[in-house]
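Data block for upload_35.tsv (TSV, C-alpha atoms):
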chain	number	residue	atom	x	y	z
A	1	MET	CA	130.42	107.16	188.35
A	2	LEU	CA	131.48	103.62	187.67
A	3	LEU	CA	134.63	104.26	189.71
A	4	HIS	CA	132.46	104.73	192.78
A	5	ASP	CA	130.73	101.42	192.09
A	6	ILE	CA	133.93	99.46	191.50
A	7	PHE	CA	135.64	100.74	194.65
A	8	HIS	CA	132.43	100.63	196.73
A	9	ILE	CA	132.81	104.35	197.49
A	10	GLU	CA	129.80	106.46	198.42
A	11	ALA	CA	128.50	108.48	195.46
A	12	THR	CA	128.88	111.70	197.44
A	13	GLU	CA	132.63	111.16	197.93
A	14	PRO	CA	134.92	112.99	195.44
A	15	VAL	CA	136.97	110.60	193.28
A	16	PHE	CA	139.76	111.64	190.93
A	17	LEU	CA	142.06	109.75	188.60
A	18	ALA	CA	145.66	110.90	188.84
A	19	GLU	CA	146.24	111.45	185.13
A	20	ASN	CA	144.86	114.40	183.16
A	21	SER	CA	143.56	112.39	180.20
A	22	PHE	CA	143.00	108.89	178.88
A	23	TYR	CA	146.05	109.44	176.66
A	24	ASP	CA	148.22	110.27	179.69
A	25	GLN	CA	147.25	106.96	181.27
A	26	LYS	CA	149.64	105.25	178.84
A	27	GLN	CA	152.81	106.82	180.27
A	28	SER	CA	151.23	107.65	183.66
A	29	PRO	CA	153.72	110.32	184.75
A	30	LEU	CA	151.59	111.58	187.64
A	31	THR	CA	150.78	108.06	188.82
A	32	LYS	CA	154.50	107.33	189.13
A	33	ARG	CA	155.09	110.58	191.00
A	34	TYR	CA	152.24	109.99	193.44
A	35	LEU	CA	153.40	106.44	194.11
A	36	GLU	CA	156.82	107.80	195.06
A	37	GLU	CA	155.22	110.33	197.40
A	38	LEU	CA	152.91	107.73	198.93
A	39	GLY	CA	155.83	105.35	199.36
A	40	THR	CA	157.80	108.02	201.20
A	41	ALA	CA	154.79	108.80	203.38
A	42	ALA	CA	154.37	105.12	204.23
A	43	ASP	CA	158.05	104.90	205.22
A	44	THR	CA	157.53	107.75	207.68
A	45	GLY	CA	154.54	106.06	209.30
A	46	SER	CA	151.70	107.83	207.47
A	47	ASN	CA	148.66	105.58	207.14
A	48	ASN	CA	146.19	106.77	204.49
A	49	SER	CA	142.99	104.79	204.02
A	50	SER	CA	143.30	102.79	200.80
A	51	ILE	CA	141.45	100.25	198.68
A	52	GLN	CA	143.32	97.86	196.40
A	53	LEU	CA	141.61	96.59	193.26
A	54	ILE	CA	142.61	93.10	192.15
A	55	ASP	CA	142.04	91.80	188.62
A	56	GLN	CA	140.00	88.67	189.17
A	57	GLY	CA	141.50	87.22	186.00
A	58	SER	CA	145.15	87.49	187.03
A	59	GLY	CA	144.89	88.00	190.78
A	60	VAL	CA	147.29	90.97	190.74
A	61	PRO	CA	146.64	94.61	191.75
A	62	ILE	CA	145.52	96.86	188.89
A	63	ALA	CA	144.50	99.96	190.86
A	64	VAL	CA	144.48	101.55	194.26
A	65	ALA	CA	142.26	104.30	195.68
A	66	VAL	CA	143.91	106.37	198.41
A	67	TYR	CA	142.07	108.82	200.65
A	68	VAL	CA	144.08	112.05	200.65
A	69	HIS	CA	143.77	115.75	201.46
A	70	SER	CA	144.88	118.00	198.60
A	71	HIS	CA	143.94	121.39	197.20
A	72	GLY	CA	141.83	122.03	200.26
A	73	ILE	CA	139.55	118.99	199.98
A	74	ASP	CA	139.46	115.38	201.13
A	75	HIS	CA	139.01	112.95	198.25
A	76	TRP	CA	139.89	109.56	196.82
A	77	LEU	CA	142.84	109.52	194.42
A	78	VAL	CA	142.82	106.54	192.04
A	79	LEU	CA	146.08	105.20	190.59
A	80	THR	CA	145.89	102.46	187.97
A	81	ASN	CA	147.92	100.64	185.33
A	82	VAL	CA	144.90	99.26	183.45
A	83	ILE	CA	145.93	101.32	180.39
A	84	SER	CA	149.70	101.53	180.84
A	85	LYS	CA	150.14	97.81	181.63
A	86	ASP	CA	153.16	98.80	183.75
A	87	THR	CA	154.55	95.49	185.04
A	88	ARG	CA	156.14	97.24	188.04
A	89	PHE	CA	152.83	98.61	189.28
A	90	PRO	CA	151.49	95.52	191.14
A	91	GLY	CA	154.68	95.09	193.13
A	92	ARG	CA	154.84	98.77	193.97
A	93	ILE	CA	151.25	98.71	195.25
A	94	SER	CA	151.94	95.65	197.37
A	95	ASP	CA	155.11	97.18	198.80
A	96	ILE	CA	153.43	100.46	199.74
A	97	PHE	CA	150.03	99.27	200.96
A	98	GLY	CA	150.60	95.61	201.73
A	99	SER	CA	147.88	94.08	203.90
A	100	ARG	CA	146.81	97.49	205.25
A	101	SER	CA	144.36	98.03	202.37
A	102	GLU	CA	140.87	96.78	201.85
A	103	THR	CA	140.93	94.47	198.82
A	104	LEU	CA	138.27	94.19	196.13
A	105	GLU	CA	138.12	92.21	192.88
A	106	THR	CA	136.90	93.23	189.43
A	107	ASP	CA	137.51	92.59	185.74
A	108	ALA	CA	140.22	94.76	184.18
A	109	SER	CA	137.79	95.46	181.33
A	110	ASP	CA	135.28	96.90	183.82
A	111	LEU	CA	137.94	99.17	185.27
A	112	ARG	CA	138.94	100.37	181.79
A	113	GLU	CA	135.30	101.20	181.08
A	114	ALA	CA	135.17	103.18	184.32
A	115	VAL	CA	138.30	105.09	183.32
A	116	ILE	CA	136.76	105.91	179.94
A	117	GLU	CA	133.56	107.11	181.61
A	118	TYR	CA	135.49	109.29	184.06
A	119	TYR	CA	137.20	111.31	181.32
A	120	SER	CA	133.97	111.62	179.35
A	121	ILE	CA	132.12	113.00	182.38
A	122	PHE	CA	134.89	115.47	183.11
A	123	LEU	CA	135.04	116.52	179.45
A	124	VAL	CA	131.32	117.25	179.24
A	125	ASN	CA	131.53	119.20	182.48
A	126	ARG	CA	134.26	121.37	180.94
A	127	TRP	CA	137.17	120.28	183.08
A	128	LEU	CA	139.37	118.79	180.35
A	129	CYS	CA	140.18	121.58	177.93
A	130	LYS	CA	142.49	124.45	178.67
A	131	SER	CA	139.95	127.14	177.87
A	132	CYS	CA	137.38	125.60	180.25
A	133	ALA	CA	139.40	123.94	183.03
A	134	ARG	CA	138.76	125.34	186.53
A	135	GLU	CA	142.08	126.07	188.16
A	136	GLU	CA	141.07	124.91	191.64
A	137	MET	CA	140.51	121.28	190.57
A	138	PRO	CA	143.40	118.90	191.39
A	139	TYR	CA	145.14	116.66	188.88
A	140	LEU	CA	143.97	118.61	185.81
A	141	ASP	CA	146.92	120.75	184.70
A	142	LEU	CA	146.48	119.86	181.07
A	143	GLY	CA	148.83	122.24	179.27
A	144	ALA	CA	148.25	123.23	175.67
A	145	PHE	CA	145.97	121.19	173.46
A	146	VAL	CA	146.74	121.38	169.74
A	147	SER	CA	143.74	120.73	167.55
A	148	MET	CA	144.21	118.81	164.30
A	149	ARG	CA	140.69	119.50	163.14
A	150	GLY	CA	141.86	121.42	160.06
A	151	LEU	CA	144.44	118.79	159.17
A	152	LEU	CA	142.24	115.72	159.24
A	153	GLN	CA	138.67	116.94	158.96
A	154	GLY	CA	138.59	119.53	156.22
A	155	THR	CA	135.77	119.60	153.68
A	156	PRO	CA	136.39	118.97	149.96
A	157	GLU	CA	135.84	122.13	147.96
A	158	ASP	CA	133.42	120.47	145.56
A	159	LYS	CA	131.23	119.04	148.32
A	160	THR	CA	127.93	120.92	148.16
A	161	ASP	CA	124.25	120.35	148.82
A	162	GLU	CA	124.93	117.90	151.63
A	163	PRO	CA	121.97	115.77	152.72
A	164	GLY	CA	120.51	115.97	156.20
A	165	PRO	CA	121.68	113.49	158.84
A	166	ASP	CA	118.51	111.40	158.61
A	167	VAL	CA	118.95	110.87	154.86
A	168	ARG	CA	122.60	109.99	155.31
A	169	ASN	CA	121.99	107.64	158.24
A	170	ASP	CA	119.07	105.84	156.57
A	171	ARG	CA	121.31	105.09	153.62
A	172	LEU	CA	124.22	104.12	155.84
A	173	THR	CA	121.96	101.79	157.84
A	174	ARG	CA	120.93	99.98	154.67
A	175	LEU	CA	124.58	99.66	153.67
A	176	ILE	CA	125.75	98.24	157.00
A	177	ARG	CA	122.78	95.87	157.26
A	178	LYS	CA	123.50	94.61	153.75
A	179	ILE	CA	127.19	94.06	154.51
A	180	THR	CA	126.66	92.34	157.86
A	181	SER	CA	123.85	90.18	156.52
A	182	GLU	CA	125.84	88.98	153.53
A	183	LYS	CA	128.91	88.30	155.65
A	184	ARG	CA	126.85	86.68	158.45
A	185	PHE	CA	128.28	89.13	160.95
A	186	ASP	CA	126.17	90.16	163.93
A	187	PRO	CA	127.28	93.63	165.13
A	188	ALA	CA	125.13	93.28	168.26
A	189	ARG	CA	127.30	90.36	169.42
A	190	ALA	CA	130.65	91.76	168.29
A	191	ASP	CA	133.36	93.90	169.85
A	192	VAL	CA	133.45	96.90	167.54
A	193	LEU	CA	135.74	99.92	167.41
A	194	GLU	CA	134.67	103.05	165.51
A	195	ILE	CA	137.56	105.28	164.56
A	196	CYS	CA	137.25	108.98	163.69
A	197	CYS	CA	133.73	109.01	165.09
A	198	GLY	CA	133.44	112.81	165.26
A	199	ASP	CA	130.34	113.85	167.18
A	200	GLY	CA	128.75	110.44	166.73
A	201	SER	CA	126.34	111.48	163.98
A	202	ALA	CA	126.92	108.15	162.22
A	203	THR	CA	127.43	106.16	165.42
A	204	ARG	CA	123.66	106.21	165.87
A	205	VAL	CA	123.47	103.72	162.98
A	206	LEU	CA	125.50	101.19	164.97
A	207	HIS	CA	123.52	101.82	168.16
A	208	GLU	CA	120.23	101.23	166.34
A	209	MET	CA	121.57	97.86	165.20
A	210	GLY	CA	122.23	96.82	168.80
A	211	CYS	CA	125.97	97.46	168.55
A	212	ASN	CA	127.79	99.25	171.39
A	213	PRO	CA	131.13	100.29	169.89
A	214	ILE	CA	134.07	101.94	171.55
A	215	CYS	CA	134.30	105.26	169.71
A	216	ILE	CA	137.43	107.34	169.35
A	217	ASP	CA	138.32	110.67	167.80
A	218	HIS	CA	141.30	112.98	168.23
A	219	ASP	CA	139.06	116.05	168.48
A	220	MET	CA	137.86	116.51	172.06
A	221	CYS	CA	135.33	119.15	170.99
A	222	ASP	CA	133.61	116.64	168.68
A	223	ILE	CA	133.59	113.97	171.38
A	224	CYS	CA	132.18	116.50	173.83
A	225	ASP	CA	129.42	117.48	171.39
A	226	GLY	CA	128.53	113.83	170.84
A	227	LEU	CA	128.37	113.15	174.55
A	228	LYS	CA	126.16	116.17	175.16
A	229	SER	CA	123.76	115.18	172.37
A	230	GLY	CA	123.56	111.56	173.50
A	231	ALA	CA	124.97	110.26	170.23
A	232	LEU	CA	128.03	108.99	172.11
A	233	TYR	CA	128.05	107.09	175.40
A	234	GLU	CA	130.21	108.18	178.34
A	235	ASN	CA	131.70	104.76	179.05
A	236	ARG	CA	132.48	104.04	175.38
A	237	SER	CA	133.95	107.30	174.02
A	238	ILE	CA	137.63	108.30	174.08
A	239	VAL	CA	139.63	111.31	172.93
A	240	LEU	CA	142.42	109.47	171.13
A	241	ASP	CA	144.38	109.59	167.89
A	242	ALA	CA	143.59	106.60	165.70
A	243	ALA	CA	147.23	106.57	164.56
A	244	GLU	CA	148.15	105.19	168.01
A	245	LEU	CA	145.54	102.45	168.46
A	246	SER	CA	147.88	99.56	169.14
A	247	ALA	CA	149.49	101.44	172.03
A	248	PHE	CA	146.15	101.39	173.86
A	249	PHE	CA	144.34	98.29	172.58
A	250	GLU	CA	145.33	94.71	171.95
A	251	ARG	CA	143.87	92.51	169.21
A	252	GLU	CA	140.47	92.69	170.83
A	253	PHE	CA	138.02	93.84	168.16
A	254	ASP	CA	135.98	91.74	165.78
A	255	CYS	CA	135.43	94.76	163.55
A	256	VAL	CA	136.87	98.24	163.07
A	257	VAL	CA	134.64	100.74	161.27
A	258	GLY	CA	135.23	104.27	160.03
A	259	PHE	CA	132.66	106.34	158.18
A	260	MET	CA	133.72	109.06	155.74
A	261	LEU	CA	137.42	108.77	156.52
A	262	GLY	CA	139.43	111.67	155.17
A	263	PRO	CA	139.99	113.92	153.42
A	264	ILE	CA	143.11	112.03	152.34
A	265	GLN	CA	145.40	114.45	150.54
A	266	PRO	CA	149.10	114.46	149.58
A	267	PHE	CA	150.15	116.38	152.70
A	268	ASN	CA	148.48	113.97	155.16
A	269	ARG	CA	148.81	110.59	153.46
A	270	GLU	CA	151.37	109.31	155.96
A	271	ILE	CA	148.99	110.07	158.81
A	272	TRP	CA	146.12	108.24	157.16
A	273	ALA	CA	148.38	105.31	156.28
A	274	SER	CA	149.19	105.02	159.99
A	275	VAL	CA	145.49	105.16	160.89
A	276	LEU	CA	144.67	102.36	158.46
A	277	HIS	CA	147.62	100.23	159.56
A	278	GLU	CA	146.75	100.67	163.23
A	279	SER	CA	143.15	99.67	162.54
A	280	SER	CA	144.34	96.32	161.25
A	281	GLU	CA	146.66	95.90	164.25
A	282	VAL	CA	143.80	95.78	166.78
A	283	LEU	CA	141.69	93.23	164.89
A	284	ARG	CA	141.15	89.71	166.12
A	285	THR	CA	141.55	86.82	163.73
A	286	PRO	CA	139.15	86.56	162.04
A	287	GLY	CA	138.27	90.25	161.90
A	288	MET	CA	136.70	92.74	159.52
A	289	LEU	CA	137.37	96.33	158.44
A	290	ILE	CA	134.51	98.50	157.16
A	291	PHE	CA	135.45	101.95	155.86
A	292	THR	CA	133.61	104.48	153.73
A	293	PHE	CA	135.10	107.36	151.76
A	294	TYR	CA	134.04	110.41	149.83
A	295	SER	CA	136.16	109.80	146.73
A	296	ARG	CA	137.37	106.92	144.60
A	297	GLU	CA	140.94	108.18	145.05
A	298	GLU	CA	140.67	107.83	148.82
A	299	LEU	CA	139.28	104.31	148.42
A	300	SER	CA	142.17	103.35	146.13
A	301	PHE	CA	144.67	104.74	148.62
A	302	ALA	CA	143.17	102.67	151.44
A	303	ALA	CA	143.17	99.52	149.32
A	304	GLU	CA	146.83	100.02	148.48
A	305	VAL	CA	147.86	100.75	152.08
A	306	LEU	CA	146.01	97.72	153.45
A	307	ASN	CA	146.96	95.34	150.66
A	308	ASP	CA	149.48	93.40	152.75
A	309	ARG	CA	147.42	93.70	155.94
A	310	VAL	CA	144.33	91.77	154.86
A	311	THR	CA	143.77	88.32	153.44
A	312	ALA	CA	140.74	89.34	151.38
A	313	ARG	CA	139.03	92.57	150.40
A	314	GLU	CA	136.09	93.99	148.52
A	315	THR	CA	135.57	97.53	147.25
A	316	PHE	CA	132.48	99.00	145.64
A	317	GLU	CA	130.45	102.13	144.99
A	318	ASN	CA	127.50	102.78	147.26
A	319	THR	CA	124.75	104.20	145.04
A	320	PRO	CA	122.87	106.43	144.63
A	321	ASP	CA	125.46	109.11	145.36
A	322	ILE	CA	124.40	111.60	148.04
A	323	GLY	CA	127.86	112.94	148.84
A	324	TYR	CA	128.43	110.68	151.86
A	325	ASP	CA	129.81	107.14	152.20
A	326	ARG	CA	129.93	106.71	148.44
A	327	TRP	CA	132.96	104.40	148.24
A	328	VAL	CA	133.18	101.35	150.48
A	329	TYR	CA	136.14	99.25	151.57
A	330	LEU	CA	135.72	95.83	153.21
A	331	GLY	CA	138.76	93.94	154.41
A	332	TRP	CA	139.15	90.64	156.23
A	333	VAL	CA	141.92	89.21	158.36
A	334	LYS	CA	141.50	85.47	158.58
Rewritten as structure tokens:
Amino acid sequence: MLLHDIFHIEATEPVFLAENSFYDQKQSPLTKRYLEELGTAADTGSNNSSIQLIDQGSGVPIAVAVYVHSHGIDHWLVLTNVISKDTRFPGRISDIFGSRSETLETDASDLREAVIEYYSIFLVNRWLCKSCAREEMPYLDLGAFVSMRGLLQGTPEDKTDEPGPDVRNDRLTRLIRKITSEKRFDPARADVLEICCGDGSATRVLHEMGCNPICIDHDMCDICDGLKSGALYENRSIVLDAAELSAFFEREFDCVVGFMLGPIQPFNREIWASVLHESSEVLRTPGMLIFTFYSREELSFAAEVLNDRVTARETFENTPDIGYDRWVYLGWVK
């Protein structure tokens, strides 16, 4: 794993993040608890081996790996604030470990990528869902997971005779190449976020264009399927609700894309409004939004929701109609 590389830990050594999911990294409840326990142990003279990770950009601690014995095994426990951005974390690490730790430097972005990869690897290996988790593993008491698959990813009743993925992706490739060419936007050189990526069936289009997006979806089963098939990459795929983007990302993307967003219906409009708003919140200036929809009504809803969030927009029908990606929304923040 990338965590092994960053901390210079032998690949055969077990390494675990404290939190049970990428989402939990935001509040970091277990990280706070373990820091209290480690602080108490340090006060009583305990001296665990530890490695501090310093952000080479800021020069402050952003993670620590501590060698501990728990649940019957010796392993490295990694505590980090790279997602939570807890301002108290660096001082707490310095107080507890001081000059007793080995110190290494890295980019915070590299550590975040390692955190993303960790949860992807554990998901594919069936540690991160309640029905599959193996009870003897430490730091993985996940509790109940409530799927929103039916709420956000239903299928319109009149959607029949769907094309195969190759037909859909060939058409989508032509669409994205046309858009990026006309707008002089190079996806291979851009920081791109794909929301509601599902199992990555359309993500392949971006990969074939040289783009390496961060891909998110709230459905861990879809992410897992995409990782297993190779459509999604371990260090770029996150189980995350797109309605909470700005809690986890800053304005760091040149483009946010979403293919076949919806279905948008009266009962879930507020949710989709939040998703669209949050997408605009993580865009750099300038930045671009590219969304496709199944129906004209969904396109109109998106245009209305984003009206005061963009400085320019373009909407059009993507013909011929094959049931996918028919209506297209382009928005710019300048």
Please compute the CA of Pro14 in chain A-CA of Asn81 in chain A distance, one decimal, in Å.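 Calculated distance between CA of Pro14 in chain A and CA of Asn81 in chain A is 20.6 Å.
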Quick one: residues within 8 Å of range 198-210 of chain A, all atoms listed in the file, excluding same-chain residues fewer than 5 positions away - as a list in words?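 Near range 198-210 of chain A, the qualifying residues are Pro165, Asn169, Leu172, Thr173, Pro187, Ala188, Ile216, Asp217, Asp219, Asp222, Ile223, Cys224, Asp225, Gly226, Leu227, Ala231, Leu232 and Phe259 of chain A.
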Write out as a list in words each polymer residue whose atoms come within 10 Å of range 85-89 of chain A, counting all atoms listed in the file; drop sequence neighbours fewer than 3 positions from it. Gln25, Lys26, Gln27, Ser28, Thr31, Lys32, Leu35, Val60, Pro61, Ile62, Ala63, Leu79, Thr80, Asn81, Val82, Arg92, Ile93, Ser94, Asp95 and Phe248 of chain A
Only C-alpha atoms, please: the residues just picked out, written as a PDB file, in the coordinates of the input.
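Output saved as again24.pdb:
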ATOM      1  CA  GLN A  25     147.250 106.960 181.270  1.00  0.00           C
ATOM      2  CA  LYS A  26     149.640 105.250 178.840  1.00  0.00           C
ATOM      3  CA  GLN A  27     152.810 106.820 180.270  1.00  0.00           C
ATOM      4  CA  SER A  28     151.230 107.650 183.660  1.00  0.00           C
ATOM      5  CA  THR A  31     150.780 108.060 188.820  1.00  0.00           C
ATOM      6  CA  LYS A  32     154.500 107.330 189.130  1.00  0.00           C
ATOM      7  CA  LEU A  35     153.400 106.440 194.110  1.00  0.00           C
ATOM      8  CA  VAL A  60     147.290  90.970 190.740  1.00  0.00           C
ATOM      9  CA  PRO A  61     146.640  94.610 191.750  1.00  0.00           C
ATOM     10  CA  ILE A  62     145.520  96.860 188.890  1.00  0.00           C
ATOM     11  CA  ALA A  63     144.500  99.960 190.860  1.00  0.00           C
ATOM     12  CA  LEU A  79     146.080 105.200 190.590  1.00  0.00           C
ATOM     13  CA  THR A  80     145.890 102.460 187.970  1.00  0.00           C
ATOM     14  CA  ASN A  81     147.920 100.640 185.330  1.00  0.00           C
ATOM     15  CA  VAL A  82     144.900  99.260 183.450  1.00  0.00           C
ATOM     16  CA  ARG A  92     154.840  98.770 193.970  1.00  0.00           C
ATOM     17  CA  ILE A  93     151.250  98.710 195.250  1.00  0.00           C
ATOM     18  CA  SER A  94     151.940  95.650 197.370  1.00  0.00           C
ATOM     19  CA  ASP A  95     155.110  97.180 198.800  1.00  0.00           C
ATOM     20  CA  PHE A 248     146.150 101.390 173.860  1.00  0.00           C
TER      21      PHE A 248
END
Using Å and a single decimal, report how far CA of Asp325 in chain A sits from CA of Thr292 in chain A.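 One can read the CA of Thr292 in chain A to CA of Asp325 in chain A distance as 4.9 Å.
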Draw an axis-aligned box tight on the listed atoms of range 317-320 of chain A, then pad every side by 5 Å and write out centre and edge lengths in Å to one decimal as AutoDock Vina command-line options.
--center_x 126.7 --center_y 104.3 --center_z 145.9 --size_x 17.6 --size_y 14.3 --size_z 12.6
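Separating CA of Val64 in chain A from CA of Val239 in chain A is a distance of 24.0 Å.
Checking A:Glu113, A:Leu299, A:Ala247, A:Asp5 one by one against Pro213 in chain A, counting all atoms listed in the file, you find the shortest gap at A:Glu113.
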Please return, as a short mmCIF file (atom, residue, chain, number, x, y, z; two decimals) with C-alpha atoms, keeping the file's coordinate frame, all polymer residues that have at least one atom within 12 Å of the point (139.5, 109.5, 201.7); use only C-alpha atoms and the file's own coordinate frame.
data_model
loop_
_atom_site.label_atom_id
_atom_site.label_comp_id
_atom_site.auth_asym_id
_atom_site.auth_seq_id
_atom_site.Cartn_x
_atom_site.Cartn_y
_atom_site.Cartn_z
CA PHE A 7 135.64 100.74 194.65
CA ILE A 9 132.81 104.35 197.49
CA GLU A 10 129.80 106.46 198.42
CA THR A 12 128.88 111.70 197.44
CA GLU A 13 132.63 111.16 197.93
CA PRO A 14 134.92 112.99 195.44
CA VAL A 15 136.97 110.60 193.28
CA PHE A 16 139.76 111.64 190.93
CA ASN A 47 148.66 105.58 207.14
CA ASN A 48 146.19 106.77 204.49
CA SER A 49 142.99 104.79 204.02
CA SER A 50 143.30 102.79 200.80
CA ILE A 51 141.45 100.25 198.68
CA VAL A 64 144.48 101.55 194.26
CA ALA A 65 142.26 104.30 195.68
CA VAL A 66 143.91 106.37 198.41
CA TYR A 67 142.07 108.82 200.65
CA VAL A 68 144.08 112.05 200.65
CA HIS A 69 143.77 115.75 201.46
CA SER A 70 144.88 118.00 198.60
CA ILE A 73 139.55 118.99 199.98
CA ASP A 74 139.46 115.38 201.13
CA HIS A 75 139.01 112.95 198.25
CA TRP A 76 139.89 109.56 196.82
CA LEU A 77 142.84 109.52 194.42
CA VAL A 78 142.82 106.54 192.04
#
